[in-house]
Structures are given as structure tokens and as C-alpha cells.
Amino acid sequence: MQPLAHGGDLAAARRMFPGAPQPFIDLSTGINPHPWLHPRPLPALPPEIFSRLPDRASIRALAAAAAGAYGAPSPDHVVPAPGTQILLPQVAALLKPGRAAILRTTYAEHARAAELAGHAVTVVSDIDQLANASLAVVVNPNNPDGRIVGKSDLLRIADRLDQNRGVLVVDESFADMAPDISLAGETHRENIVVLRSFGKFYGLAGLRLGFAIASPALAGRLDAVLGPWAVAGPAVAIGQKALADSEWKRQALERLASDAKKLDELLIAAGLEIAGGTSLFRLTRSQDAGALFDRLGLAGILVRRFAEEPTWLRWGLPADDNAWQRLSAALGRGGGD
């Protein structure tokens with residue numbers, strides 16, 4: 001199967017819009033533009049982090065930090081991985097090939113990963129249609145529209161799945177913005193797997209760090225599949241420090257909420273309909289979405305478009321005053337319906 005197209009490909013954007021002003025402003029991902037410790041630099045790392053394999057004690061400490069940050073019952077429930085993406089086919093392979101049901105419209109890699117694991121994939125629009133699957137997947141909050149499924153509904157589906165030994169996978173890659181919805185604390189149940197992304201909220205996607213949270217039995221199986229040293233030493237060290245930094249998290253949540261409100265005002269003033277989102281991105285709906293994508297590209301601004309939903313555009317947050325000004329100027333030429 002071929003890889004799917006995603007946001008963040010600035011090389012492709014430059015080829016598509018060769019005359020656009022530089023540098024390109026990337027608003028096509030839902031990554032925090034103000035990384036952990038911003039505007040201070042990342043802490044210095046000892047040279048041996050790059051020359052030695054990470055030991056089990058440091059990985060255990062990272063799992064403990066993640067358990068504390070995400071509300072998992074214990075470090076035994078947490079599996080660190082080199083990004084959440086690599087976990088998708090591994091989680092799907094926990095079950096024998098059967099029927100996978102995915103709540104639409106969402107991150108397309110879940111369907112691809114389930115197919116790679118041998119499942120017959122069905123995309124459903126009603127949460128109750130998940131209950132008869134062997135593997136049920138919900139992205140919560142959803143990407144790209146920010147839809148939230150309540151905990152009680154998810155637990156009800158998990159109970160129904162359990163009757164047929166089915167597993168509920170909840171991708172909480174954007175749940176840092178809505179921690180009360182997380183099922184991480186419910187992973188004492190044997191049929192719930194929660195996925196958490198580190199790079200999106202902490203703004204360090206290139207570090208490649210993510211987590212699966214599950215019962216110790218399921219976590220042990222996933223850990224065995226990943227094998228030793230799955231996470232690089234620098235990611236172990238930085239992840240542990242960042243996850244324990246509760247003051248930075250508080251400030252980041254406040255700033256992201258403020259920036260998302262500012263983005264809403266800008267998009268609405270341009271005549272665009274806000275169709276959803278989280279504090280890390282906004283989704284708009286417009287009959288002119290294709291033309292607007294092109295106009296922004298010519299102005300050196302990349303947003304996320306969707307071949308399956310041609311009226312949609314997803315907008316990340318500008319990183320600085322210059323990016324805000326360039327976006328405002330590009331939208332000021334006219335936008336929306």
C-alpha cells in the first residue's frame with residue numbers, strides 16, 4: 001500500500017508554488033508552533049545520550065512521567081514508542097484479522113494500518129456501529145473536525161465490544177487540549193488501548209515520541225513487538241522532562257486557546273465558516289476552498305486540504321507576528337463564500 005498524503009510537506013508546496021515568497025509558512029499541521037521551553041532553547045544533553053543505548057531504567061522513568069501526565073494507572077500500562085504512527089499497525093495486529101470499524105471522517109492512517117494488519121475495514125458514521133467490530137477506532141478529539149465523543153459513550157461501546165473479545169482503540173493525539181475526555185485512566189480494562197502523541201502538543205514532532213496506554217498484558221505484548229531501544233535516548237531524556245513540566249503545560253494551554261480564538265476571528269472576518277477544530281487547529285468549510293488553497297499557496301502559506309472533502313481546509317496556528325501578518329494579508333484579498 002502506498003503512503004498517504006499528509007500536511008507538512010514544504011518541499012512539495014515549493015514545487016507546487018515555485019514563485020511564492022519565502023520562507024513558506026506551514027499551517028498544514030496541528031503541531032504547537034511554540035515548542036516546549038519556547039522561547040528558550042532545549043536543554044543541553046550529555047554526549048553519552050548519543051553514544052549509548054538508552055537503558056531500561058530511563059525508559060521506565062519516561063513511562064512513569066507519561067503515566068503521571070496522561071492519568072494512566074501506572075507505568076506498567078505505558079509503552080513508549082518512536083511516535084504514535086508506528087503504533088497503529090502494531091495495535092491493529094493485537095487481534096486476529098477480522099472486521100475493523102473506524103468512526104468517520106478521521107485520520108486516514110488508521111484504516112491503512114488496519115488493512116495492513118489484515119482486517120476488513122468499515123468506516124462508520126454512528127458510534128453504535130462500532131460495537132460489532134473486533135477492532136473499533138475512535139479519534140478523540142477527532143482530526144480534522146475536533147469532534148468529541150463522551151467518556152460514557154466510549155465506555156458503553158467498550159463494554160459491548162468486550163462481549164465478543166473486541167478492542168476499542170482511542171487515538172487521543174489531541175487530548176492534551178481536553179484532558180477530561182481521556183480514557184487513559186480506564187486502561188485497567190483489558191480491551192481499551194489509548195494512543196497519545198507527544199510531538200503535537202509539546203511542539204517537538206521531529207523528536208518522534210508517542211505512547212500506547214493499555215492494560216499491563218496488552219502493554220507487555222506491544223512492548224515485546226517494539227523490542228528494546230525503540231525510543232532514542234534524546235527523546236527519552238527530553239520527553240521525561242517535558243511531561244513533568246506542569247507549569248509549561250498550563251501556560252501553553254492558555255496561549256493556544258488565545259491563539260485559536262485569534263485565528264477564528266481572522267477566518268470569520270474572511271467569510272469562512274468554522275466547522276470545528278481544537279486549540280491546535282481549525283477546520284473551515286467553503287465552496288471556494290480549492291481557490292483559497294491556491295491563493296494562499298501563491299502567498300507562501302500552506303494549509304491542509306482534503307481530496308475526499310473538497311470544501312474543507314484545516315488551519316494550524318501561525319508561529320509569530322510575521323506569520324500572522326502574512327496570513328491576514330493573504331486572507332484580506334478575499335476569501336470564503
# chains A, B, ... in the order shown; residues from 1 in each chain; ligands from 1
call {"tool": "residues_around", "arguments": {"residues": "Gln85 of chain A", "least_positions_apart": "2", "cutoff": "10 Å", "atoms": "only C-alpha atoms", "output": "PyMOL selection string"}}
result
chain A and resi 81-83+87-90+109-110+113+195+197+208-211
call {"tool": "select_by_dssp", "arguments": {"residues": "segment 105-240 of chain A", "states": "helix (DSSP H, G or I)", "output": "number ranges by chain"}}
result
A: 109-116, 127-130, 151-162, 175-177, 179-181, 184-186, 199-202, 205-207, 216-226, 233-240
call {"tool": "closest_residue", "arguments": {"among": "A:Leu27, A:Ala242, A:Leu207, A:Ala114", "to": "Arg305 of chain A", "atoms": "only C-alpha atoms"}}
result
A:Leu27
call {"tool": "closest_residue", "arguments": {"among": "A:Arg196, A:His6, A:Lys262, A:His77", "to": "Phe174 of chain A", "atoms": "only C-alpha atoms"}}
result
A:Arg196
call {"tool": "residues_around", "arguments": {"residues": "segment 56-73 of chain A", "least_positions_apart": "6", "cutoff": "6 Å", "atoms": "only C-alpha atoms", "output": "VMD selection string"}}
result
chain A and resid 184 to 185 240 243
call {"tool": "atom_distance", "arguments": {"atom1": "atom CA of Leu168 of chain A", "atom2": "atom CA of Asn140 of chain A"}}
result
12.1 Å
call {"tool": "closest_residue", "arguments": {"among": "A:Gly332, A:Gly316, A:Gly146, A:Gly290", "to": "Ile25 of chain A", "atoms": "only C-alpha atoms"}}
result
A:Gly316
